Every structure is written in C-alpha cells, then in structure tokens.
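Here's the structure, in structure tokens; my notes come after.
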Number of protein chains: 2
Amino acid sequence: MSDHVPVTAKQVAELAGVSRAAVSRSFTPGASVSPETRRKVMAAAEALGYQVNHLARGLISAQSGLVALIAAEIETPYRASLLSALSQALQSAGKTPILIATDRSDESVKEALHKARSYRTEAAVMFSGMPDTALADLCLRNGMRLVLINRDETREGTLQIRLDDRQAGRSAFNLLAKTGCRRMGLVSSSAGTPSLTGRIEGFREAAREAGAALGEWVAGETGYETGLQAGTELFARPDAPDGVFCVTDLLAMGVMDAARHRLGLQVPRDAAIIGFDNIPQAGWESYRLTTFDQPIDEIAVATVDWLAAPAEPGMPGETVCLPARLVWRDTVRRPLEPGRD
Amino acid sequence: MSDHVPVTAKQVAELAGVSRAAVSRSFTPGASVSPETRRKVMAAAEALGYQVNHLARGLISAQSGLVALIAAEIETPYRASLLSALSQALQSAGKTPILIATDRSDESVKEALHKARSYRTEAAVMFSGMPDTALADLCLRNGMRLVLINRDETREGTLQIRLDDRQAGRSAFNLLAKTGCRRMGLVSSSAGTPSLTGRIEGFREAAREAGAALGEWVAGETGYETGLQAGTELFARPDAPDGVFCVTDLLAMGVMDAARHRLGLQVPRDAAIIGFDNIPQAGWESYRLTTFDQPIDEIAVATVDWLAAPAEPGMPGETVCLPARLVWRDTVRRPLEPGRD
DNA sequence: CTGAAAGCGCTTACAG
DNA sequence: CTGAAAGCGCTTACAG
C-alpha cells in the first residue's frame with residue numbers, strides 16, 4: 001500500500017506499464033481492453049490502493065453514481081424503513097445515495113433539488129413534497145431523472161410509484177361494517193398528500209354508498225401524539241365510534257392507547273381499529289394492529305429497476321401502482337369468513 | 001431561466017461581463033471580489049439558473065462538501081433518530097451527507113470507507129462497525145476525518161463521541177436496589193459494541209459491590225423480538241427477577257410485553273424495568289418506560305462543531321463524553337426521594 | 001480587486 | 001486493442 005496521499009490513475013499506469021487510458025478502461029465495465037492489460041492494471045491498482053475518483057468521473061461522464069434521496073421526517077418508522085430499503089437497493093445496484101432532508105415547505109424542496117443538481121445526481125427520489133413544474137423541468141432537462149413516491153403526478157421522464165390507497169380506504173370501511181361496527185370513525189389528516197387523501201376518500205365513498213354516518217377527526221400531523229389526542233376526543237363524544245380507520249399506523253396506535261388507557265375501553269370489543277403502513281411497532285404485543293401493508297421492498301425494487309433501464313429523452317412518464325394488502329391482527333374482530341374486500 | 005442544458009461559470013461570466021475567475025470568487029465565501037462585481041455575477045447567475053458544480057469544485061479544492069454517514073440498521077428507532085439529527089445538522093452547516101449502509105461485517109465497513117474515499121468525502125462518521133487500523137490510517141492520510149460514535153477508540157485526527165455507559169449501568173442497578181427490587185436481572189447482548197459492554201459492566205460491577213446475585217440473559221440482537229424472547233424465558237425461571245435492566249429500549253419493550261402479555265405480570269409491581277436510548281416509543285402510553293436518554297442532538301452538534309473547526313495535520317484525537325440522563329417514567333417505582341445516582 | 005493560465009483526475013473520440 | 005490529446009467545470013497562484 002502506498003504511503004502517499006491520493007493515488008491517481010497516472011501512478012497506476014506507470015506501475016502497470018500502460019497508458020492512463022488503459023487504466024480508465026480497465027475500470028469501465030464493457031470497455032475494450034485486453035484481459036492481459038486489465039489484469040496488469042488491476043494488480044497495480046491493488047498494490048497502490050487505487051480507487052477511481054468518482055468526482056472526476058462524474059464531471060466528465062454524467063455518471064456521478066449519485067442519487068438523491070429527498071425526504072422529511074426520516075426518523076419516523078415508515079420513512080426510516082423506506083429510506084433503509086431504498087439505500088440498500090441503490091447500493092446493491094452500484095449507486096450511492098445522497099440524503100437531503102427537507103421540511104414540508106416548498107422552499108426547502110426547491111433547495112433540495114438544487115443541491116441534487118449541484119452534485120449532478122443521476123436521479124432524485126422524493127418521498128416528501130413535490131417540485132413545482134418549472135423546477136422539475138429544469139432537472140429533467142439537465143438529465144436528472146425523477147422518481148416520485150406516493151405523490152400524485154405524472155410527468156414525462158419520471159417514475160411515479162403509488163399504492164392503491166382509495167381501494168384500501170374502501171376495504172377498511174367494508175371490513176369494519178362486515179365485522180359488526182355500527183358507528184364509523186375516520187381519523188384523517190389535513191396534510192393533503194395524495195396518498196392520505198386517497199385513503200380518506202375511499203373510506204368516505206364506501207360510507208356514503210352504505211348510507212352510513214361518519215364521525216371524523218381531522219389531524220394536522222400523522223404521528224402518535226396526534227392520534228392520542230384524536231382518540232381522546234373521539235371516544236368522549238356521545239356518539240363515539242365503535243370502528244375507526246386511521247390513515248397511518250402511528251395515528252392508530254395513539255387512538256388505541258387513548259381508548260384503552262384514557263377511556264378504559266377494550267379493543268376490539270368496544271372499538272375496532274385499522275391502521276395503515278404496517279410499521280414494525282404494529283406487530284408488537286401491546287398493539288397487534290390490523291393494518292394495510294406498504295410494500296416497501298417492492299417500492300425499492302421498482303425504483304432501482306427503473307433507474308437501471310437506460311433513460312431515453314422524451315420518455316413518457318411511467319407509473320406503477322402497488323396493492324396495499326391487509327394484514328390481519330387483533331384490533332378488528334374476525335368475520336366468520338374473512339373476505340378480501 | 002435558461003432553457004439549455006447545464007449552465008456553466010463561463011456563461012455567467014459572459015453575461016455579467018467579467019472573467020470566469022470572478023464568478024468563481026463570487027461563489028467563494030471570503031474571496032476577494034468587489035461588491036459590485038459580485039452583484040453583477042449573482043444577478044447573471046440568478047438569471048441563468050446557475051449552480052456551482054460541486055463535483056468540479058471538489059475535484060480541485062479538496063472541499064467536496066460531502067460527508068459519509070456509515071451505519072447499519074438505520075430503520076431502527078434510535079439509529080433513525082440519530083441519522084436524522086446528524087443529516088440535518090450537517091445540512092445546516094452546509095455539508096451534504098452521503099449514506100452508506102453496512103451490515104455488521106468488517107468487509108462491508110471496509111467497502112463503505114473505500115466508497116467514501118472514492119467520493120473524496122471530507123469526513124466519515126461511523127455509528128456501526130470499526131475500521132481496521134490500516135484502513136483508518138489510509139483515510140486519515142487522504143485528508144478524510146473520522147468521527148466515531150459510541151465506538152471506543154482514540155486515534156490521531158479522529159473525534160470520538162461516547163456516553164458514560166458504565167455510569168449508567170451502575171445507576172440502573174442502584175435505582176432498582178433503592179426502589180426495593182431483590183432479584184436483579186440483566187438483559188444484555190453479545191454484540192460486543194463498546195457502548196453495550198460499558199452498560200453491562202457497570203451494572204455487574206454495582207451488583208458485585210452490593211453482593212447481589214444476578215440473573216442474566218444474553219441476547220444476540222438488540223431488538224424487540226429478542227426482548228420478547230428474553231422476557232418469556234427470564235420470567236419463567238423459578239428465581240424470576242423483580243427488577244431488570246435492558247441494554248436497549250427495544251429489548252426493554254419486548255421484555256415488558258412478555259411480562260405483561262405472556263406471563264400476566266404487572267410492571268412495575270411484579271417487575272421493574274429500565275431501558276436505554278429513550279426512543280420515541282418509550283414515551284408511548286402502553287410503555288411509559290423509565291430509561292436513559294441518548295442526547296442525540298448533542299451528538300449531532302458535537303460532530304458538526306468538530307468538523308467545522310479546521311483540521312490540522314497530526315491533530316491529536318479528541319473524545320467527548322456525554323452523560324446519559326435518566327428519564328423517569330412509570331416502569332420503576334419511585335423512591336421517596338428520587339436520587340440521582 | 002482582476003484576468004489569463006495552469007491544473008485537479010478522469011473519459012472518450014480519434015487515429016493507428 | 002492501444003495511446004496521445006482534448007476537454008469536463010471549476011479554483012488558485014501569479015502578475016498586474
């Protein structure tokens with residue numbers, strides 16, 4: 001191993017007795033080098049501890065190897081899981097994730113994208129916020145690809161990955177109805193992201209079709225604390241619900257704790273509860289929450305596959321819609337014949 | 001805004017009527033440019049949508065702006081929180097985090113560091129695994145700085161951040177003893193990281209000093225499932241403990257659920273439980289776990305401050321040791337006078 | 001304070 | 001298959 005500061009292709013070339021171009025080619029999959037030179041180059045590289053400088057490579061080849069992961073609240077269970085899956089999948093595909101945290105503001109989304117651009121990331125995958133059209137176009141024109149997770153927007157050259165949220169909302173209602181709930185509750189959010197909205201609308205729609213009244217509680221945020229507050233208020237109402245759908249697991253767990261620890265209710269006997277996301281905590285003994293699963297690994301795979309396919313200019317936007325499957329646990333009574341709807 | 005592909009400093013220079021050097025200087029804090037030229041440059045840059053290309057800047061100036069975050073299991077609550085705090089702090093300081101996931105193997109740690117090196121990251125902060133000496137030296141010689149979180153190792157030019165784990169372990173024992181527990185249990189881990197080991201040794205040490213017997217359960221992993229298993233076995237023993245210290249919150253929550261849901265025990269009446277980390281879930285109504293707090297924000301601040309200070313060659317290693325403060329909740333009976341020890 | 005010039009480490013036509 | 005040469009977009013002495 002060399003004892004000197006950064007070792008460059010030039011030194012490797014000298015040691016191997018070849019040109020700089022040859023070492024470059026040896027490190028480029030599919031380049032035309034004879035096996036013999038490549039072997040010599042690799043041996044020299046190994047001996048010197050050489051690594052290609054990705055900064056230089058990215059500067060010249062538009063292949064920085066970098067992809068930006070843009071997200072808010074990554075400490076949250078669902079986001080953290082998605083982030084983990086995505087970064088591992090990307091890494092396996094030879095890409096390197098750059099992490100850019102945003103808050104909910106448009107301004108921070110804008111900065112995030114600019115930052116991605118300044119590092120010439122090959123793509124940006126966003127799971128929070130939405131770029132405005134002009135900015136998205138700018139990125140696209142600069143050769144950056146966009147993948148939007150759970151945002152509702154199709155655009156040329158971008159991949160959109162979403163779940164069938166509306167259908168899940170409908171299923172939630174029907175499941176509650178089928179298992180004997182009479183007064184339905186919905187704990188939703190004013191965050192207004194397309195995925196949340198889809199779940200809400202699906203649930204309302206099914207309620208309308210069934211002619212059922214709905215007690216709603218609109219939360220600002222989607223976390224545990226908010227759920228706790230929602231549950232506390234909802235179950236104190238004279239027409240307290242006996243079946244509630246919460247648009248996230250965190251909300252559901254807060255609602256559940258309010259019911260049990262603050263109101264002395266039993267779940268599902270006094271109130272059935274359904275969540276959404278299937279975060280790890282949903283499976284804990286203290287909750288055993290019936291919920292819809294976000295297929296995190298499939299999302300990661302879809303992202304990486306799309307990125308691996310060569311980008312063609314003017315490529316139409318693509319959207320993949322994944323099902324959100326119900327995972328049965330203990331917060332809803334089981335119907336005699338567990339239906340699928 | 002320009003409608004053409006990547007806009008470079010040259011175009012900005014032309015539009016502003018200055019040299020390329022002037023635009024470079026305008027974007028370099030502290031460089032010598034007249035306010036007037038800087039103004040012209042900024043206006044032109046704004047008009048064209050110019051962003052300095054960090055790849056090119058990093059290539060020439062050893063200031064890539066990148067710092068590598070190297071970690072395993074980032075989907076885990078404590079890790080996710082730390083990652084979030086770190087990435088935000090870094091971002092506020094103008095740095096951009098690169099995320100490199102590892103598994104526990106030495107091989108993957110090695111690859112992670114090589115990857116960091118190939119992007120010329122200014123620093124690598126590791127919160128999983130340890131680089132072997134030769135590799136760490138290589139990084140250091142290449143001008144990369146290292147910050148090691150909760151790993152026990154001092155080395156020239158690196159920052160080590162750790163908690164007073166041993167003291168926390170001692171406190172846990174003393175607290176349990178003071179609140180009337182007679183049969184102490186310890187749910188530890190064979191992971192062998194320095195922080196875990198410190199907690200374990202502190203607890204054992206205090207037990208030895210008090211002449212108390214100890215029921216131990218050594219887990220491989222540090223997650224909820226393992227805790228559930230540990231609790232199930234531990235409380236089924238004839239000499240089941242009535243006070244147990246778990247080296248992580250996740251373990252503690254599993255143990256707690258085993259006690260309550262599988263053995264029908266009450267916490268803290270039948271068994272007191274103390275955790276470590278103070279993850280968000282520890283505050284949930286179903287747990288209200290008494291635990292030690294990991295000062296995540298302080299860790300992030302310490303990291304960023306150290307990185308902000310200019311690196312001098314041959315700088316001695318620095319270590320900051322933070323206290324892990326007890327947060328009182330409901331899984332330990334309160335002594336009459338809540339002591340500090 | 002300013003500009004012309006050299007150079008960071010790489011890749012990629014181009015010619016052989 | 002191979003090497004000499006040009007060039008990616010920037011920064012930084014150097015001279016003025």
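Please note that chains go A, B, ... in the order of the structure tokens, that every chain numbers its residues from 1, and that ligands are numbered from 1 in the order shown.
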Surrounding residues of Ala210 (chain A) excluding itself and chain neighbours under 4 positions, 9 Å, only C-alpha atoms (C1' of nucleotides), as an mmCIF file with C-alpha atoms, in the first residue's frame:
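Okay, part37.cif is ready:
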```cif
data_model
loop_
_atom_site.group_PDB
_atom_site.id
_atom_site.type_symbol
_atom_site.label_atom_id
_atom_site.label_comp_id
_atom_site.auth_asym_id
_atom_site.auth_seq_id
_atom_site.Cartn_x
_atom_site.Cartn_y
_atom_site.Cartn_z
ATOM 1 C CA ASN A 174 -66.231 -2.648 4.368
ATOM 2 C CA GLU A 205 -67.041 6.871 -0.528
ATOM 3 C CA ALA A 206 -67.762 3.441 0.862
#
```
Checklist entry - Using the chain letters and numbers from this document, which residues of region 180-270 of chain B does DSSP assign to strand (DSSP E or B), as a VMD selection string? => result chain B and resid 184 to 189 214 to 219 243 to 246
Residues just named, written with C-alpha atoms as an mmCIF file, in the first residue's frame:
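selection13.cif, written as the output of this step:
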```cif
data_model
loop_
_atom_site.group_PDB
_atom_site.id
_atom_site.type_symbol
_atom_site.label_atom_id
_atom_site.label_comp_id
_atom_site.auth_asym_id
_atom_site.auth_seq_id
_atom_site.Cartn_x
_atom_site.Cartn_y
_atom_site.Cartn_z
ATOM 1 C CA MET B 184 -31.903 -8.380 39.680
ATOM 2 C CA GLY B 185 -31.946 -9.289 36.033
ATOM 3 C CA LEU B 186 -29.832 -8.078 33.156
ATOM 4 C CA VAL B 187 -30.809 -8.460 29.538
ATOM 5 C CA SER B 188 -27.672 -7.836 27.592
ATOM 6 C CA SER B 189 -26.294 -8.550 24.168
ATOM 7 C CA LEU B 214 -27.724 -11.537 39.016
ATOM 8 C CA GLY B 215 -29.944 -13.368 36.569
ATOM 9 C CA GLU B 216 -28.622 -12.721 33.095
ATOM 10 C CA TRP B 217 -29.965 -13.303 29.660
ATOM 11 C CA VAL B 218 -27.595 -12.671 26.819
ATOM 12 C CA ALA B 219 -29.279 -11.714 23.595
ATOM 13 C CA GLY B 243 -36.042 -5.750 38.570
ATOM 14 C CA VAL B 244 -34.387 -5.859 35.162
ATOM 15 C CA PHE B 245 -32.102 -3.598 33.239
ATOM 16 C CA CYS B 246 -32.163 -3.977 29.470
#
```
Checklist entry - What lies within 9 Å of region 10-13 of chain C using only C-alpha atoms (C1' of nucleotides), ignoring chain neighbours under 5 positions off, as a PyMOL selection string? => result (chain A and resi 9+21+24-25+52-61) or (chain D and resi 8)
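Across the structure, CA of Thr193 (chain A) and CA of Leu163 (chain A) are spaced 12.7 Å apart.
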Checklist entry - Quick one: residues within 10 Å of Gln167 (chain A), only C-alpha atoms (C1' of nucleotides) counted, chain neighbours fewer than 3 positions away excluded, as a PyMOL selection string? => result chain A and resi 163-164+170-172+198-199+201-203+206+323-324+341
